[in-house]
>>> print(open('upload.txt').read())   # compact mmCIF, C-alpha atoms
# COMPACT_ATOMS: atom_id res chain seq x y z
CA MET A 1 -16.02 136.61 -215.45
CA ASN A 2 -14.00 139.82 -215.72
CA ALA A 3 -11.62 141.40 -213.25
CA LYS A 4 -13.97 144.30 -212.57
CA ALA A 5 -16.85 142.11 -211.36
CA ASP A 6 -14.65 139.82 -209.34
CA GLY A 7 -12.41 142.40 -207.65
CA PHE A 8 -8.87 141.35 -207.07
CA ARG A 9 -9.45 137.60 -206.59
CA THR A 10 -6.99 135.37 -208.39
CA ASP A 11 -8.02 132.74 -210.95
CA ARG A 12 -7.12 130.07 -208.41
CA ALA A 13 -9.36 131.58 -205.72
CA ARG A 14 -12.33 131.73 -208.12
CA VAL A 15 -12.26 128.02 -208.97
CA THR A 16 -11.28 126.52 -205.60
CA GLY A 17 -14.06 124.18 -204.43
CA LEU A 18 -15.88 124.11 -207.78
CA GLY A 19 -14.55 120.72 -208.90
CA SER A 20 -16.37 117.46 -208.19
CA ALA A 21 -14.16 116.85 -205.15
CA LYS A 22 -15.34 120.14 -203.55
CA THR A 23 -13.18 120.34 -200.43
CA GLY A 24 -10.44 117.89 -201.37
CA VAL A 25 -9.42 114.74 -199.53
CA GLY A 26 -11.12 115.50 -196.18
CA HIS A 27 -14.09 113.17 -196.79
CA TRP A 28 -11.94 110.40 -198.22
CA TRP A 29 -9.53 110.53 -195.30
CA SER A 30 -12.20 110.54 -192.59
CA GLN A 31 -13.81 107.52 -194.26
CA ARG A 32 -10.46 105.67 -193.95
CA ILE A 33 -10.35 106.59 -190.23
CA THR A 34 -13.79 105.07 -189.52
CA SER A 35 -12.86 102.02 -191.67
CA ILE A 36 -9.69 101.34 -189.69
CA ALA A 37 -11.48 101.85 -186.35
CA LEU A 38 -14.20 99.40 -187.41
CA VAL A 39 -11.73 96.54 -188.05
CA PRO A 40 -11.10 95.72 -184.34
CA LEU A 41 -14.54 97.01 -183.24
CA THR A 42 -16.38 94.65 -185.62
CA ILE A 43 -14.50 91.60 -184.34
CA LEU A 44 -15.17 92.59 -180.71
CA PHE A 45 -18.85 93.46 -181.31
CA VAL A 46 -20.14 90.70 -183.60
CA PHE A 47 -19.52 87.62 -181.44
CA PRO A 48 -21.27 88.73 -178.21
CA PHE A 49 -24.05 90.27 -180.33
CA ALA A 50 -24.57 87.08 -182.36
CA GLN A 51 -24.70 85.09 -179.10
CA SER A 52 -27.18 87.56 -177.53
CA LEU A 53 -29.59 87.67 -180.49
CA GLY A 54 -32.47 85.33 -179.67
CA GLY A 55 -31.42 85.14 -176.02
CA ASP A 56 -33.63 85.85 -173.03
CA PHE A 57 -34.12 89.42 -171.77
CA ALA A 58 -32.16 89.03 -168.51
CA SER A 59 -29.04 87.46 -170.03
CA VAL A 60 -28.95 89.98 -172.91
CA ARG A 61 -29.05 92.81 -170.36
CA ALA A 62 -26.42 91.08 -168.21
CA THR A 63 -24.09 90.89 -171.26
CA TYR A 64 -24.37 94.63 -171.97
CA ALA A 65 -24.20 95.53 -168.26
CA ASN A 66 -20.57 94.41 -168.55
CA PRO A 67 -18.58 97.66 -169.09
CA PHE A 68 -16.35 96.07 -171.74
CA HIS A 69 -19.24 94.86 -173.90
CA ALA A 70 -21.13 98.13 -173.34
CA ILE A 71 -18.17 100.30 -174.37
CA VAL A 72 -17.44 98.10 -177.41
CA ALA A 73 -21.12 98.31 -178.46
CA ILE A 74 -21.23 102.10 -178.00
CA LEU A 75 -18.00 102.64 -179.98
CA PHE A 76 -19.15 100.19 -182.68
CA ILE A 77 -22.61 101.78 -183.09
CA GLY A 78 -21.23 105.34 -183.10
CA THR A 79 -18.41 104.58 -185.57
CA THR A 80 -20.73 102.47 -187.74
CA PHE A 81 -23.23 105.29 -188.26
CA LEU A 82 -20.44 107.78 -189.02
CA HIS A 83 -19.20 105.27 -191.62
CA VAL A 84 -22.75 104.67 -192.96
CA GLN A 85 -23.23 108.44 -193.34
CA GLN A 86 -19.95 108.74 -195.26
CA GLY A 87 -20.66 105.70 -197.47
CA LEU A 88 -24.27 106.51 -198.34
CA GLN A 89 -23.23 110.11 -199.08
CA VAL A 90 -20.91 108.84 -201.83
CA VAL A 91 -23.62 106.52 -203.20
CA ILE A 92 -26.16 109.40 -203.28
CA GLU A 93 -23.64 111.72 -204.96
CA ASP A 94 -22.95 109.03 -207.59
CA TYR A 95 -26.53 108.12 -208.52
CA VAL A 96 -28.92 110.95 -207.59
CA HIS A 97 -28.44 113.55 -210.32
CA ASP A 98 -31.42 115.85 -209.70
CA LYS A 99 -30.09 118.70 -207.55
CA ALA A 100 -33.13 119.13 -205.27
CA LEU A 101 -33.54 115.37 -204.80
CA ARG A 102 -29.81 114.99 -204.13
CA THR A 103 -29.74 117.76 -201.52
CA GLY A 104 -32.80 116.26 -199.81
CA ALA A 105 -31.31 112.75 -199.83
CA LEU A 106 -27.98 113.99 -198.42
CA LEU A 107 -29.82 115.90 -195.68
CA ALA A 108 -32.01 112.91 -194.79
CA ASN A 109 -28.95 110.64 -194.78
CA THR A 110 -27.04 112.82 -192.32
CA LEU A 111 -30.01 113.38 -190.00
CA LEU A 112 -31.07 109.70 -189.97
CA CYS A 113 -27.53 108.48 -189.30
CA TRP A 114 -27.14 110.83 -186.32
CA ALA A 115 -30.62 109.90 -185.02
CA PHE A 116 -30.01 106.14 -185.24
CA GLY A 117 -26.40 106.35 -184.03
CA LEU A 118 -27.20 108.41 -180.95
CA SER A 119 -30.35 106.35 -180.21
CA GLY A 120 -28.24 103.20 -180.28
CA VAL A 121 -25.67 104.74 -177.95
CA PHE A 122 -28.47 105.82 -175.60
CA ALA A 123 -30.02 102.32 -175.63
CA VAL A 124 -26.75 100.55 -174.73
CA ALA A 125 -25.96 103.16 -172.05
CA LYS A 126 -29.42 102.75 -170.53
CA ILE A 127 -28.99 98.96 -170.38
CA ALA A 128 -25.50 99.34 -168.88
CA PHE A 129 -26.70 101.78 -166.18
CA THR A 130 -29.96 100.04 -165.24
CA ALA A 131 -29.33 96.30 -165.72
CA MET B 1 -15.37 123.89 -224.68
CA ALA B 2 -13.84 120.61 -225.81
CA ASP B 3 -16.75 118.46 -224.64
CA VAL B 4 -19.61 119.72 -226.83
CA ASN B 5 -22.02 117.02 -225.61
CA ARG B 6 -22.05 117.96 -221.91
CA LYS B 7 -25.83 117.68 -221.43
CA ASN B 8 -26.15 114.19 -222.94
CA ARG B 9 -23.15 112.45 -221.44
CA PRO B 10 -23.93 108.98 -220.00
CA LEU B 11 -24.15 108.99 -216.20
CA SER B 12 -23.01 106.31 -213.74
CA PRO B 13 -23.72 103.33 -213.67
CA PHE B 14 -24.01 103.29 -217.47
CA MET B 15 -21.15 100.80 -217.98
CA ILE B 16 -22.86 97.84 -216.29
CA GLY B 17 -24.19 95.39 -218.85
CA PRO B 18 -23.76 96.67 -222.39
CA ILE B 19 -20.20 98.02 -222.12
CA TYR B 20 -18.39 96.22 -219.32
CA ARG B 21 -18.00 92.42 -219.18
CA PRO B 22 -18.38 91.14 -215.59
CA GLN B 23 -15.09 90.11 -213.92
CA ILE B 24 -14.15 89.28 -210.34
CA THR B 25 -12.79 92.82 -209.85
CA SER B 26 -15.87 94.72 -211.04
CA VAL B 27 -18.42 92.29 -209.56
CA MET B 28 -16.72 92.36 -206.13
CA SER B 29 -16.61 96.15 -206.26
CA ILE B 30 -20.36 96.28 -206.93
CA ILE B 31 -21.05 93.75 -204.16
CA HIS B 32 -19.03 95.95 -201.75
CA ARG B 33 -21.38 98.84 -202.43
CA VAL B 34 -24.54 96.70 -202.34
CA THR B 35 -23.55 95.07 -199.02
CA GLY B 36 -22.69 98.52 -197.64
CA CYS B 37 -26.19 99.81 -198.44
CA GLY B 38 -27.79 96.64 -197.05
CA LEU B 39 -25.73 96.85 -193.86
CA ALA B 40 -26.95 100.42 -193.30
CA PHE B 41 -30.45 98.93 -193.02
CA GLY B 42 -29.13 96.10 -190.83
CA ALA B 43 -27.50 98.63 -188.48
CA MET B 44 -30.90 100.32 -188.05
CA LEU B 45 -32.46 96.94 -187.16
CA GLY B 46 -29.65 96.44 -184.63
CA VAL B 47 -30.40 99.79 -182.99
CA TRP B 48 -34.09 98.81 -182.85
CA TRP B 49 -33.10 95.60 -181.03
CA PHE B 50 -30.95 97.50 -178.49
CA LEU B 51 -33.76 100.01 -177.91
CA ALA B 52 -36.11 97.07 -177.29
CA ALA B 53 -33.64 95.57 -174.79
CA ALA B 54 -33.51 98.98 -173.08
CA SER B 55 -37.33 99.25 -172.97
CA GLY B 56 -38.74 96.14 -171.32
CA PRO B 57 -39.21 92.36 -171.52
CA GLU B 58 -42.46 92.36 -173.59
CA TYR B 59 -41.21 94.72 -176.29
CA PHE B 60 -37.85 92.93 -176.34
CA ALA B 61 -39.59 89.58 -176.86
CA PHE B 62 -41.53 91.10 -179.79
CA VAL B 63 -38.48 92.60 -181.59
CA ASP B 64 -36.14 89.70 -180.78
CA GLY B 65 -38.84 87.28 -181.96
CA LEU B 66 -39.16 89.12 -185.27
CA LEU B 67 -35.38 89.16 -185.88
CA THR B 68 -35.04 85.44 -185.03
CA SER B 69 -38.15 84.23 -186.89
CA TRP B 70 -37.65 82.20 -190.08
CA ILE B 71 -37.58 85.24 -192.33
CA GLY B 72 -35.87 87.47 -189.75
CA GLY B 73 -33.26 84.80 -189.03
CA LEU B 74 -32.47 84.34 -192.73
CA LEU B 75 -32.17 88.13 -193.04
CA MET B 76 -29.79 88.23 -190.03
CA ILE B 77 -27.62 85.42 -191.49
CA GLY B 78 -27.54 87.35 -194.77
CA MET B 79 -26.54 90.48 -192.86
CA LEU B 80 -23.79 88.51 -191.11
CA ALA B 81 -22.36 87.28 -194.43
CA ALA B 82 -22.67 90.80 -195.87
CA LEU B 83 -20.88 92.24 -192.82
CA TRP B 84 -17.92 89.84 -193.11
CA TYR B 85 -17.74 90.43 -196.87
CA HIS B 86 -17.69 94.22 -196.42
CA PHE B 87 -15.16 93.76 -193.57
CA CYS B 88 -12.74 91.58 -195.62
CA ASN B 89 -13.13 93.54 -198.85
CA GLY B 90 -12.76 96.77 -196.84
CA ILE B 91 -9.37 95.57 -195.56
CA ARG B 92 -8.52 94.74 -199.22
CA HIS B 93 -9.39 98.35 -200.07
CA LEU B 94 -7.24 99.69 -197.19
CA VAL B 95 -4.28 97.68 -198.51
CA TRP B 96 -4.83 99.23 -201.96
CA ASP B 97 -5.06 102.66 -200.31
CA ALA B 98 -1.63 102.02 -198.79
CA GLY B 99 -0.35 101.40 -202.34
CA TYR B 100 0.02 97.59 -202.33
CA GLY B 101 -1.48 94.73 -204.33
CA PHE B 102 -2.42 96.49 -207.56
CA GLU B 103 -0.94 93.90 -209.98
CA LEU B 104 -3.72 92.06 -211.83
CA ASP B 105 -2.58 88.72 -210.43
CA ALA B 106 -2.55 90.10 -206.86
CA VAL B 107 -5.98 91.70 -207.30
CA ASN B 108 -7.50 88.40 -208.46
CA LYS B 109 -5.84 86.45 -205.64
CA SER B 110 -6.93 88.90 -202.92
CA GLY B 111 -10.44 88.73 -204.39
CA VAL B 112 -10.59 84.95 -204.02
CA ALA B 113 -9.04 85.23 -200.52
CA THR B 114 -11.75 87.73 -199.55
CA LEU B 115 -14.53 85.36 -200.67
CA VAL B 116 -12.98 82.40 -198.79
CA ALA B 117 -12.44 84.49 -195.62
CA THR B 118 -16.05 85.72 -195.80
CA GLY B 119 -17.32 82.15 -195.84
CA VAL B 120 -15.04 81.02 -193.01
CA LEU B 121 -15.83 84.00 -190.74
CA THR B 122 -19.58 83.64 -191.38
CA LEU B 123 -19.42 79.94 -190.48
CA ILE B 124 -17.35 80.59 -187.33
CA THR B 125 -19.80 83.26 -186.14
CA LEU B 126 -22.80 81.01 -186.78
CA ILE B 127 -21.15 78.17 -184.83
CA ALA B 128 -20.37 80.60 -181.97
CA ALA B 129 -23.96 81.89 -182.03
CA PHE B 130 -25.75 78.55 -182.05
CA PHE B 131 -23.44 76.35 -179.90
>>> encode(input="upload.txt", output="structure tokens")
Amino acid sequence: MNAKADGFRTDRARVTGLGSAKTGVGHWWSQRITSIALVPLTILFVFPFAQSLGGDFASVRATYANPFHAIVAILFIGTTFLHVQQGLQVVIEDYVHDKALRTGALLANTLLCWAFGLSGVFAVAKIAFTA
Amino acid sequence: MADVNRKNRPLSPFMIGPIYRPQITSVMSIIHRVTGCGLAFGAMLGVWWFLAAASGPEYFAFVDGLLTSWIGGLLMIGMLAALWYHFCNGIRHLVWDAGYGFELDAVNKSGVATLVATGVLTLITLIAAFF
């Protein structure tokens, strides 16, 4: 690339974002944030969920009608699917080398995670408001 | 360009098997990724269960029955063990991110501690769920 075709941009400006890390540590850091949030949320979510699985309809709904359990479930589901999106993105970037396939997989990953995450939040909210 | 063989370079995960001898560090790293991918599927099943509980008693009985059948129950127990493994090993990763525990001896010890904690937490959750 010569200076004529690229105007007055510096060498640094031309290569920024072209490395494998693209935008730097933003993705890495936000994955740590969801990880740390999931430490207390997992402990709070798993036990009432494990006790509810296989329970009868009325008592399951009574559990998640409790604001504490409902809020924990909503935060856990939302944070989990953010974390899943971040994790699967790295896995796709590592193993899917075909550019079209990779772009499609990354797109599907993001859309599915938002769809499942928000559906889960809706489901818990509906139980909490109608039980 | 220094790397004249750019097109034919081996791509990840080429080291597994012929080049890299399995050790607790590498095997646990691979299991972290495998459990992460499996748990993404488990999280979708969990959302399905919450949507069923938000829908009505018949549909809830169908989904809850599937997830607590022989095969479904085994899958859920597997998911539980995978969740506690990913949880414990994730904390191990966060400690590394903070800059601690990188000595080979410490890495091996924290690996064994992670496996023991996974077993204990899985057992405690199963006891809480069934009794």
>>> residues_near_point(input="upload.txt", point="(-18.5, 89.5, -178.1)", cutoff="10 Å", atoms="only C-alpha atoms", output="list in words")
Leu41, Thr42, Ile43, Leu44, Phe45, Val46, Phe47, Pro48, Phe49, Ala50, Gln51, Ser52, Thr63, Tyr64, Phe68, His69, Val72 and Ala73 of chain A; Ala128 of chain B
>>> closest_residue(input="upload.txt", among="B:Ala54, B:Leu11, B:Met28, B:Ala61", to="Asp56 in chain A", atoms="all atoms listed in the file")
B:Ala61
>>> closest_residue(input="upload.txt", among="A:Gly104, A:Gly24, A:Gly55, A:Pro67", to="chain B", atoms="only C-alpha atoms")
A:Gly55
>>> residues_around(input="upload.txt", residues="Tyr85 in chain B", least_positions_apart="4", cutoff="8 Å", atoms="only C-alpha atoms", output="list in words")
His32, Thr35, Ala81, Asn89, Thr114, Leu115 and Thr118 of chain B
>>> interface_residues(input="upload.txt", of="chain A", to="chain B", cutoff="10 Å", atoms="only C-alpha atoms", output="ChimeraX atom specification")
/A:32,35-36,38-39,42-43,46-58,60-61,64,73,77,80-81,83-85,87-88,91,94-97,112-113,116-128,130-131
>>> atom_distance(input="upload.txt", atom1="CA of Ile31 in chain B", atom2="CA of Ala82 in chain B")
8.9 Å
>>> atom_distance(input="upload.txt", atom1="CA of Thr110 in chain A", atom2="CA of Gln86 in chain A")
8.7 Å
>>> residues_around(input="upload.txt", residues="Val112 in chain B", least_positions_apart="5", cutoff="9 Å", atoms="all atoms listed in the file", output="VMD selection string")
chain B and resid 24 107 117
>>> atom_distance(input="upload.txt", atom1="CA of Phe129 in chain A", atom2="CA of Ala65 in chain A")
7.0 Å
>>> axis_aligned_box(input="upload.txt", around="range 29-45 of chain A", padding_each_side="5 Å", output="AutoDock Vina command-line options")
--center_x -14.2 --center_y 101.1 --center_z -188.0 --size_x 19.3 --size_y 28.9 --size_z 24.6
>>> decode(input="upload.txt", residues="range 52-121 of chain B", atoms="C-alpha atoms", output="CSV table (one decimal), in the first residue's frame")
chain,number,residue,atom,x,y,z
B,52,ALA,CA,-43.3,-25.5,29.9
B,53,ALA,CA,-43.9,-24.4,33.5
B,54,ALA,CA,-45.1,-21.1,32.2
B,55,SER,CA,-47.5,-22.8,29.7
B,56,GLY,CA,-49.7,-25.2,31.5
B,57,PRO,CA,-49.9,-28.5,33.6
B,58,GLU,CA,-50.2,-30.9,30.6
B,59,TYR,CA,-47.2,-29.5,28.7
B,60,PHE,CA,-45.2,-29.2,31.9
B,61,ALA,CA,-45.9,-32.9,32.7
B,62,PHE,CA,-44.6,-33.8,29.3
B,63,VAL,CA,-41.4,-31.9,29.4
B,64,ASP,CA,-40.7,-32.6,33.1
B,65,GLY,CA,-41.4,-36.3,32.4
B,66,LEU,CA,-38.9,-36.3,29.5
B,67,LEU,CA,-36.1,-34.6,31.6
B,68,THR,CA,-36.7,-36.9,34.6
B,69,SER,CA,-37.1,-40.2,32.6
B,70,TRP,CA,-34.2,-42.7,32.8
B,71,ILE,CA,-32.3,-41.3,29.9
B,72,GLY,CA,-33.3,-37.7,30.7
B,73,GLY,CA,-32.4,-38.1,34.3
B,74,LEU,CA,-29.0,-39.5,33.5
B,75,LEU,CA,-28.5,-36.6,31.1
B,76,MET,CA,-29.5,-34.1,33.8
B,77,ILE,CA,-27.1,-35.7,36.3
B,78,GLY,CA,-24.3,-35.5,33.7
B,79,MET,CA,-25.2,-31.8,33.1
B,80,LEU,CA,-25.0,-31.3,36.9
B,81,ALA,CA,-21.5,-32.8,37.1
B,82,ALA,CA,-20.5,-30.8,34.0
B,83,LEU,CA,-21.9,-27.6,35.6
B,84,TRP,CA,-19.9,-28.0,38.8
B,85,TYR,CA,-16.8,-29.0,36.9
B,86,HIS,CA,-17.0,-25.9,34.7
B,87,PHE,CA,-17.8,-23.8,37.8
B,88,CYS,CA,-14.8,-25.1,39.8
B,89,ASN,CA,-12.4,-25.0,36.9
B,90,GLY,CA,-13.7,-21.6,35.9
B,91,ILE,CA,-12.8,-20.3,39.4
B,92,ARG,CA,-9.3,-21.9,38.8
B,93,HIS,CA,-9.1,-19.9,35.6
B,94,LEU,CA,-10.1,-16.7,37.3
B,95,VAL,CA,-7.3,-17.2,39.9
B,96,TRP,CA,-4.9,-17.7,37.0
B,97,ASP,CA,-6.3,-14.5,35.4
B,98,ALA,CA,-5.5,-12.7,38.6
B,99,GLY,CA,-1.9,-13.9,38.2
B,100,TYR,CA,-1.7,-16.6,40.9
B,101,GLY,CA,-1.0,-20.3,40.9
B,102,PHE,CA,1.0,-20.7,37.8
B,103,GLU,CA,3.8,-22.9,39.3
B,104,LEU,CA,3.6,-26.5,37.9
B,105,ASP,CA,3.1,-27.9,41.4
B,106,ALA,CA,0.3,-25.4,42.1
B,107,VAL,CA,-1.4,-26.1,38.7
B,108,ASN,CA,-1.4,-29.9,39.4
B,109,LYS,CA,-2.7,-29.4,42.9
B,110,SER,CA,-5.5,-27.0,41.9
B,111,GLY,CA,-6.4,-29.5,39.2
B,112,VAL,CA,-6.9,-32.3,41.7
B,113,ALA,CA,-8.8,-30.0,44.0
B,114,THR,CA,-11.1,-29.1,41.2
B,115,LEU,CA,-11.9,-32.7,40.4
B,116,VAL,CA,-12.6,-33.5,44.1
B,117,ALA,CA,-14.7,-30.3,44.5
B,118,THR,CA,-16.7,-31.3,41.4
B,119,GLY,CA,-17.5,-34.7,42.9
B,120,VAL,CA,-18.4,-33.3,46.3
B,121,LEU,CA,-20.7,-30.5,44.9
